[in-house]
$ cat query-v6.txt   # compact mmCIF, C-alpha atoms
# COMPACT_ATOMS: atom_id res chain seq x y z
CA MET A 1 -11.06 58.51 117.58
CA PRO A 2 -8.12 57.54 119.82
CA ASP A 3 -5.55 58.73 117.28
CA HIS A 4 -6.98 62.24 117.11
CA PRO A 5 -4.58 64.58 118.98
CA GLN A 6 -7.28 66.05 121.24
CA ALA A 7 -9.71 63.14 121.48
CA ARG A 8 -8.39 61.57 124.66
CA ARG A 9 -7.91 64.86 126.46
CA LEU A 10 -11.44 65.99 125.64
CA LEU A 11 -12.97 62.61 126.52
CA GLY A 12 -11.24 62.73 129.91
CA ILE A 13 -12.50 66.29 130.44
CA ALA A 14 -16.03 65.18 129.55
CA TYR A 15 -15.91 62.36 132.10
CA TYR A 16 -14.63 64.45 135.03
CA THR A 17 -17.03 67.27 134.16
CA LEU A 18 -19.84 64.73 134.55
CA GLY A 19 -18.38 63.66 137.89
CA GLN A 20 -17.06 60.35 136.56
CA VAL A 21 -13.49 60.91 137.68
CA ASP A 22 -12.57 57.21 137.69
CA LYS A 23 -13.48 56.96 134.01
CA ALA A 24 -11.46 60.09 133.29
CA ALA A 25 -8.46 58.55 135.04
CA GLU A 26 -8.80 55.40 132.95
CA VAL A 27 -8.84 57.43 129.72
CA PHE A 28 -5.69 59.24 130.77
CA ARG A 29 -4.07 55.97 131.94
CA GLN A 30 -4.63 54.39 128.54
CA TRP A 31 -3.30 57.51 126.83
CA MET A 32 -0.19 57.46 129.03
CA THR A 33 0.31 53.74 128.27
CA ASP A 34 0.32 54.48 124.55
CA GLU A 35 2.34 57.71 124.90
CA PRO A 36 4.42 57.34 128.09
CA ASP A 37 6.40 60.53 127.42
CA ASN A 38 3.36 62.75 126.78
CA PRO A 39 3.42 65.40 129.55
CA ILE A 40 -0.30 66.19 129.25
CA ALA A 41 -1.25 62.53 129.64
CA GLN A 42 1.10 62.21 132.64
CA HIS A 43 -0.23 65.29 134.41
CA MET A 44 -3.90 64.63 133.79
CA TYR A 45 -3.61 61.03 134.94
CA ALA A 46 -1.96 62.17 138.17
CA ALA A 47 -4.64 64.85 138.63
CA SER A 48 -7.59 62.52 138.11
CA SER A 49 -6.18 59.43 139.82
CA GLY A 50 -4.33 61.08 142.72
CA LYS A 51 -1.27 58.91 141.97
CA ASP A 52 2.25 60.34 141.73
CA VAL A 53 0.94 63.89 141.98
CA PRO A 54 3.76 66.35 141.21
CA GLN A 55 4.68 69.27 143.45
CA ARG A 56 3.84 71.54 140.54
CA ALA A 57 2.87 71.14 136.91
CA SER A 58 5.95 70.26 134.88
CA ASP A 59 7.57 72.69 132.47
CA ALA A 60 6.75 70.31 129.62
CA TYR A 61 3.06 70.19 130.61
CA ILE A 62 2.79 73.99 130.77
CA GLU A 63 4.56 74.47 127.44
CA SER A 64 2.56 71.78 125.64
CA THR A 65 -0.77 72.95 127.04
CA PHE A 66 -0.39 76.67 126.48
CA ASP A 67 1.50 76.62 123.19
CA GLY A 68 -1.46 74.70 121.80
CA PHE A 69 -3.98 76.99 123.51
CA ALA A 70 -2.40 80.37 122.78
CA SER A 71 -4.27 81.35 119.61
CA SER A 72 -7.70 80.81 121.18
CA PHE A 73 -6.83 81.72 124.77
CA ASP A 74 -8.28 85.24 124.97
CA ALA A 75 -11.49 84.34 123.13
CA LYS A 76 -12.19 81.34 125.35
CA LEU A 77 -11.53 83.27 128.54
CA GLY A 78 -13.85 86.00 127.31
CA LYS A 79 -16.67 83.48 127.10
CA LEU A 80 -15.94 82.41 130.68
CA GLY A 81 -16.21 85.92 132.09
CA TYR A 82 -12.58 85.64 133.19
CA ARG A 83 -11.76 88.26 135.83
CA ALA A 84 -8.31 87.44 137.20
CA PRO A 85 -6.49 90.35 135.47
CA ASP A 86 -9.19 92.80 136.60
CA LEU A 87 -8.95 91.53 140.18
CA VAL A 88 -5.17 91.94 140.16
CA ALA A 89 -5.40 95.44 138.69
CA SER A 90 -8.05 96.44 141.24
CA ALA A 91 -5.85 95.23 144.09
CA LEU A 92 -2.93 97.23 142.70
CA ALA A 93 -5.13 100.33 142.51
CA VAL A 94 -6.12 99.92 146.16
CA ALA A 95 -2.50 99.50 147.23
CA CYS A 96 -1.16 102.47 145.25
CA ALA A 97 -2.13 106.08 145.78
CA ALA A 98 -2.14 106.89 142.06
CA PRO A 99 -0.99 105.42 138.75
CA ASP A 100 2.15 107.53 138.52
CA GLY A 101 4.16 105.30 136.21
CA GLN A 102 7.03 104.81 138.64
CA LEU A 103 6.98 101.10 139.53
CA SER A 104 9.14 98.24 138.33
CA VAL A 105 6.64 95.42 137.78
CA LEU A 106 6.98 91.70 137.08
CA ASP A 107 4.02 89.97 135.45
CA ALA A 108 4.69 86.44 136.69
CA GLY A 109 3.11 84.00 134.28
CA CYS A 110 2.05 86.74 131.89
CA GLY A 111 0.40 84.49 129.31
CA THR A 112 -0.96 86.54 126.42
CA GLY A 113 -0.44 89.74 128.40
CA LEU A 114 -4.00 90.41 129.57
CA CYS A 115 -2.66 92.15 132.69
CA GLY A 116 -0.20 94.33 130.81
CA PRO A 117 -2.48 97.16 129.65
CA LEU A 118 -4.23 97.24 133.03
CA ILE A 119 -1.04 97.76 135.04
CA ALA A 120 0.86 99.89 132.50
CA PRO A 121 -0.24 103.23 134.03
CA TYR A 122 1.51 102.27 137.28
CA ALA A 123 4.75 101.05 135.73
CA SER A 124 7.97 102.56 134.54
CA ARG A 125 9.04 99.08 133.45
CA ILE A 126 7.09 95.83 132.98
CA VAL A 127 8.76 92.45 132.59
CA GLY A 128 6.69 89.41 131.64
CA VAL A 129 7.83 85.85 132.27
CA ASP A 130 6.15 82.70 130.97
CA LEU A 131 7.03 79.18 129.85
CA SER A 132 4.96 79.26 126.67
CA SER A 133 6.55 80.74 123.56
CA GLY A 134 3.15 80.97 121.92
CA MET A 135 1.78 83.02 124.79
CA LEU A 136 4.82 85.30 124.84
CA GLN A 137 4.43 86.07 121.14
CA LEU A 138 0.89 87.30 121.76
CA ALA A 139 1.98 89.27 124.82
CA SER A 140 4.65 90.98 122.72
CA ALA A 141 2.02 92.11 120.22
CA ARG A 142 0.31 94.18 122.93
CA GLY A 143 3.28 96.54 122.96
CA VAL A 144 3.27 97.22 126.71
CA TYR A 145 6.08 94.96 127.98
CA ASP A 146 9.64 96.24 128.17
CA GLU A 147 10.97 92.69 128.35
CA LEU A 148 9.49 89.23 127.87
CA VAL A 149 11.35 86.18 129.14
CA LYS A 150 10.74 82.48 128.55
CA ALA A 151 11.54 80.89 131.91
CA GLU A 152 10.15 78.86 134.80
CA LEU A 153 8.74 81.31 137.31
CA GLN A 154 10.37 80.24 140.56
CA ALA A 155 13.79 79.92 138.93
CA TYR A 156 13.42 83.36 137.37
CA LEU A 157 12.48 84.92 140.71
CA ALA A 158 15.43 83.26 142.42
CA ASP A 159 17.79 84.81 139.86
CA HIS A 160 16.43 88.38 140.25
CA ALA A 161 16.76 89.34 143.89
CA GLY A 162 15.67 92.86 144.79
CA LYS A 163 14.66 93.80 141.23
CA PHE A 164 10.95 94.62 141.49
CA GLU A 165 8.58 96.83 143.44
CA VAL A 166 5.50 94.85 142.38
CA ILE A 167 5.01 91.24 141.37
CA ILE A 168 1.61 90.33 139.96
CA SER A 169 0.46 86.83 139.12
CA ALA A 170 -2.96 86.19 137.58
CA ASP A 171 -4.00 82.54 137.37
CA THR A 172 -0.47 81.14 137.51
CA LEU A 173 -0.02 79.82 141.05
CA VAL A 174 -2.83 77.35 140.31
CA TYR A 175 -0.10 75.28 138.66
CA PHE A 176 1.86 74.99 141.93
CA GLY A 177 0.99 72.68 144.80
CA PRO A 178 3.07 73.84 147.77
CA LEU A 179 3.64 77.59 147.52
CA GLU A 180 6.42 78.09 150.06
CA GLY A 181 9.18 77.99 147.47
CA VAL A 182 7.64 80.49 145.07
CA PHE A 183 6.62 82.81 147.93
CA ASN A 184 10.15 82.77 149.32
CA ALA A 185 11.59 83.50 145.88
CA ALA A 186 9.06 86.30 145.32
CA PHE A 187 9.92 87.91 148.65
CA ARG A 188 13.60 87.97 147.73
CA ALA A 189 12.86 89.33 144.25
CA LEU A 190 10.98 92.31 145.70
CA LYS A 191 12.54 95.50 146.96
CA PRO A 192 11.75 96.40 150.61
CA GLY A 193 8.08 97.25 150.96
CA GLY A 194 7.24 95.64 147.62
CA LEU A 195 3.88 94.14 146.73
CA LEU A 196 2.94 90.59 145.72
CA ILE A 197 -0.55 90.42 144.20
CA PHE A 198 -1.88 87.09 142.94
CA THR A 199 -4.93 84.91 142.39
CA VAL A 200 -5.52 81.28 143.30
CA GLU A 201 -8.43 78.84 143.26
CA GLU A 202 -9.87 78.46 146.75
CA ALA A 203 -9.96 75.09 148.51
CA SER A 204 -12.04 75.02 151.67
CA ASP A 205 -12.05 71.27 152.33
CA THR A 206 -8.44 70.09 152.33
CA ALA A 207 -6.45 69.26 155.45
CA SER A 208 -3.09 69.63 153.68
CA GLY A 209 -3.78 73.22 152.64
CA TYR A 210 -3.78 72.48 148.93
CA ARG A 211 -4.88 69.80 146.48
CA ILE A 212 -4.76 68.97 142.80
CA ASN A 213 -8.11 68.83 141.03
CA PRO A 214 -9.18 66.52 138.19
CA HIS A 215 -8.85 69.41 135.74
CA GLY A 216 -5.12 69.57 136.51
CA ARG A 217 -5.00 72.80 138.51
CA TYR A 218 -4.26 73.12 142.23
CA SER A 219 -6.53 74.75 144.81
CA HIS A 220 -5.29 76.32 148.06
CA GLY A 221 -6.82 77.05 151.44
CA ARG A 222 -6.84 80.56 152.90
CA ASP A 223 -5.12 79.58 156.15
CA TYR A 224 -2.42 77.72 154.26
CA ILE A 225 -1.75 80.70 151.98
CA ARG A 226 -1.65 83.12 154.89
CA GLY A 227 0.80 80.92 156.80
CA ALA A 228 3.06 80.42 153.79
CA LEU A 229 3.15 84.15 153.08
CA VAL A 230 4.02 85.05 156.66
CA GLN A 231 6.69 82.36 156.76
CA ALA A 232 8.26 83.91 153.63
CA GLY A 233 8.37 87.34 155.29
CA PHE A 234 5.25 89.01 153.89
CA GLU A 235 2.61 90.98 155.73
CA VAL A 236 -0.76 89.79 154.46

$ encode --input "query-v6.txt" --output "structure tokens"
Amino acid sequence: MPDHPQARRLLGIAYYTLGQVDKAAEVFRQWMTDEPDNPIAQHMYAASSGKDVPQRASDAYIESTFDGFASSFDAKLGKLGYRAPDLVASALAVACAAPDGQLSVLDAGCGTGLCGPLIAPYASRIVGVDLSSGMLQLASARGVYDELVKAELQAYLADHAGKFEVIISADTLVYFGPLEGVFNAAFRALKPGGLLIFTVEEASDTASGYRINPHGRYSHGRDYIRGALVQAGFEV
């Protein structure tokens, strides 16, 4: 069913899940030939073929993917045993003496707001930023964010120097390849002594420090992350 909106994406996913990445790339190549301006086709072809890999997922790819995914996002992650928000909240609890409601917090790539209720006891103010309008609508319904902003993350950070005491990012930096730019922007957006808490997918077998995977997300090596953080001014 090549004209079905999801058929090509799901067929490509089926192929790379079975380890047949070349066949996945061909599906995405044909899709991109028929729809050259489709950002999902472009990104998934790059991810599965290794050709013209972007430095990060494009704004259009993020918006298209997550606007279409928003209504089922929480339910699907629940089936996966998704733990990124819990890991972020646990790290914040370790770093803070007590949840005293005094911190200015940025939820960077807030999605549907899964982190919001977990970090609310620590925060006097929580700002969420995301590229997906559909995700932001669901985050708003949680009633824990003081402000929700539709923006690209690195650009938002660059425009808000010295505004936050904590920046959290659950499952967002997986859409960046090189992390130096976003780490530098995060360091400048934090007040002195501020915290950056984030999750990534681990890559243990890449010489460059990061790679794109056939599923379209980037993985990063521990040494690479440590070096990029230190270069930006952080203590790890």

$ axis_aligned_box --input "query-v6.txt" --around "stretch 180-185 of chain A" --padding-each-side "3 Å" --output "JSON"
{"center_x": 9.0, "center_y": 80.7, "center_z": 147.6, "size_x": 11.2, "size_y": 11.5, "size_z": 11.0}

$ residues_around --input "query-v6.txt" --residues "A:Ala60" --least-positions-apart "6" --cutoff "10 Å" --atoms "all atoms listed in the file" --output "ChimeraX atom specification"
/A:38-40,43,131-132

$ residues_around --input "query-v6.txt" --residues "A:Gly221" --least-positions-apart "5" --cutoff "7 Å" --atoms "all atoms listed in the file" --output "JSON, numbers by chain"
{"A": [202, 203, 204, 209, 210]}

$ closest_residue --input "query-v6.txt" --among "A:Val53, A:Leu190, A:Ala7, A:Val174" --to "A:Ser104" --atoms "all atoms listed in the file"
A:Leu190

$ closest_residue --input "query-v6.txt" --among "A:Asn213, A:Gln154, A:Ser49, A:Gln231" --to "A:Glu26" --atoms "all atoms listed in the file"
A:Ser49

$ closest_residue --input "query-v6.txt" --among "A:Ile167, A:Leu92, A:Val230, A:Ala161" --to "A:Cys110" --atoms "all atoms listed in the file"
A:Ile167

$ residues_around --input "query-v6.txt" --residues "A:Tyr218" --least-positions-apart "4" --cutoff "10 Å" --atoms "all atoms listed in the file" --output "VMD selection string"
chain A and resid 47 55 to 57 173 to 178 200 to 203 210 to 214

$ atom_distance --input "query-v6.txt" --atom1 "atom CA of A:Phe28" --atom2 "atom CA of A:Leu11"
9.1 Å

$ residues_around --input "query-v6.txt" --residues "stretch 118-129 of chain A" --least-positions-apart "4" --cutoff "9 Å" --atoms "all atoms listed in the file" --output "ChimeraX atom specification"
/A:85-86,88-89,92-93,96,98-111,113-114,136,139,144-153,156

$ residues_around --input "query-v6.txt" --residues "A:Glu35" --least-positions-apart "5" --cutoff "12 Å" --atoms "only C-alpha atoms" --output "PyMOL selection string"
chain A and resi 2-3+5+8+28-30+40-42

$ write_last_selection --input "query-v6.txt" --atoms "C-alpha atoms" --output "compact mmCIF listing (two decimals), keeping the file's coordinate frame"
# COMPACT_ATOMS: atom_id res chain seq x y z
CA PRO A 2 -8.12 57.54 119.82
CA ASP A 3 -5.55 58.73 117.28
CA PRO A 5 -4.58 64.58 118.98
CA ARG A 8 -8.39 61.57 124.66
CA PHE A 28 -5.69 59.24 130.77
CA ARG A 29 -4.07 55.97 131.94
CA GLN A 30 -4.63 54.39 128.54
CA ILE A 40 -0.30 66.19 129.25
CA ALA A 41 -1.25 62.53 129.64
CA GLN A 42 1.10 62.21 132.64

$ atom_distance --input "query-v6.txt" --atom1 "atom CA of A:Ser48" --atom2 "atom CA of A:Ala25"
5.1 Å

$ build_atoms --input "query-v6.txt" --residues "stretch 133-155 of chain A" --atoms "N, CA, C and O atoms" --output "tab-separated table (two decimals), in the frame of the given file"
chain	number	residue	atom	x	y	z
A	133	SER	N	6.12	79.84	124.63
A	133	SER	CA	6.55	80.74	123.56
A	133	SER	C	5.36	81.31	122.82
A	133	SER	O	5.37	82.49	122.43
A	134	GLY	N	4.33	80.49	122.61
A	134	GLY	CA	3.15	80.97	121.92
A	134	GLY	C	2.46	82.09	122.67
A	134	GLY	O	2.01	83.07	122.06
A	135	MET	N	2.38	81.97	123.97
A	135	MET	CA	1.78	83.02	124.79
A	135	MET	C	2.63	84.29	124.75
A	135	MET	O	2.11	85.41	124.63
A	136	LEU	N	3.94	84.14	124.83
A	136	LEU	CA	4.82	85.30	124.84
A	136	LEU	C	4.75	86.08	123.52
A	136	LEU	O	4.85	87.30	123.52
A	137	GLN	N	4.56	85.38	122.42
A	137	GLN	CA	4.43	86.07	121.14
A	137	GLN	C	3.20	86.98	121.14
A	137	GLN	O	3.25	88.12	120.64
A	138	LEU	N	2.11	86.49	121.70
A	138	LEU	CA	0.89	87.30	121.76
A	138	LEU	C	1.04	88.44	122.75
A	138	LEU	O	0.53	89.55	122.51
A	139	ALA	N	1.73	88.19	123.85
A	139	ALA	CA	1.98	89.27	124.82
A	139	ALA	C	2.81	90.38	124.18
A	139	ALA	O	2.57	91.57	124.41
A	140	SER	N	3.79	90.00	123.38
A	140	SER	CA	4.65	90.98	122.72
A	140	SER	C	3.84	91.89	121.80
A	140	SER	O	4.11	93.10	121.70
A	141	ALA	N	2.82	91.33	121.16
A	141	ALA	CA	2.02	92.11	120.22
A	141	ALA	C	1.22	93.22	120.91
A	141	ALA	O	0.78	94.16	120.24
A	142	ARG	N	1.06	93.14	122.22
A	142	ARG	CA	0.31	94.18	122.93
A	142	ARG	C	1.12	95.48	123.06
A	142	ARG	O	0.56	96.54	123.31
A	143	GLY	N	2.44	95.35	122.97
A	143	GLY	CA	3.28	96.54	122.96
A	143	GLY	C	3.42	97.25	124.28
A	143	GLY	O	3.77	98.44	124.30
A	144	VAL	N	3.17	96.57	125.41
A	144	VAL	CA	3.27	97.22	126.71
A	144	VAL	C	4.41	96.69	127.57
A	144	VAL	O	4.74	97.29	128.59
A	145	TYR	N	5.02	95.57	127.17
A	145	TYR	CA	6.08	94.96	127.98
A	145	TYR	C	7.44	95.45	127.52
A	145	TYR	O	7.74	95.49	126.33
A	146	ASP	N	8.28	95.82	128.48
A	146	ASP	CA	9.64	96.24	128.17
A	146	ASP	C	10.54	95.04	127.93
A	146	ASP	O	11.54	95.15	127.21
A	147	GLU	N	10.19	93.91	128.54
A	147	GLU	CA	10.97	92.69	128.35
A	147	GLU	C	10.06	91.49	128.57
A	147	GLU	O	9.21	91.50	129.46
A	148	LEU	N	10.22	90.48	127.74
A	148	LEU	CA	9.49	89.23	127.87
A	148	LEU	C	10.50	88.09	127.91
A	148	LEU	O	11.40	88.01	127.06
A	149	VAL	N	10.35	87.22	128.89
A	149	VAL	CA	11.35	86.18	129.14
A	149	VAL	C	10.67	84.82	129.19
A	149	VAL	O	9.66	84.64	129.89
A	150	LYS	N	11.23	83.86	128.47
A	150	LYS	CA	10.74	82.48	128.55
A	150	LYS	C	11.52	81.77	129.66
A	150	LYS	O	12.72	81.50	129.51
A	151	ALA	N	10.86	81.50	130.77
A	151	ALA	CA	11.54	80.89	131.91
A	151	ALA	C	10.51	80.31	132.87
A	151	ALA	O	9.34	80.70	132.88
A	152	GLU	N	10.98	79.38	133.69
A	152	GLU	CA	10.15	78.86	134.80
A	152	GLU	C	10.12	79.92	135.89
A	152	GLU	O	11.14	80.51	136.23
A	153	LEU	N	8.95	80.16	136.44
A	153	LEU	CA	8.74	81.31	137.31
A	153	LEU	C	9.62	81.31	138.54
A	153	LEU	O	10.28	82.31	138.84
A	154	GLN	N	9.62	80.24	139.31
A	154	GLN	CA	10.37	80.24	140.56
A	154	GLN	C	11.87	80.42	140.30
A	154	GLN	O	12.55	81.14	141.04
A	155	ALA	N	12.36	79.78	139.27
A	155	ALA	CA	13.79	79.92	138.93
A	155	ALA	C	14.10	81.36	138.53
A	155	ALA	O	15.14	81.91	138.92
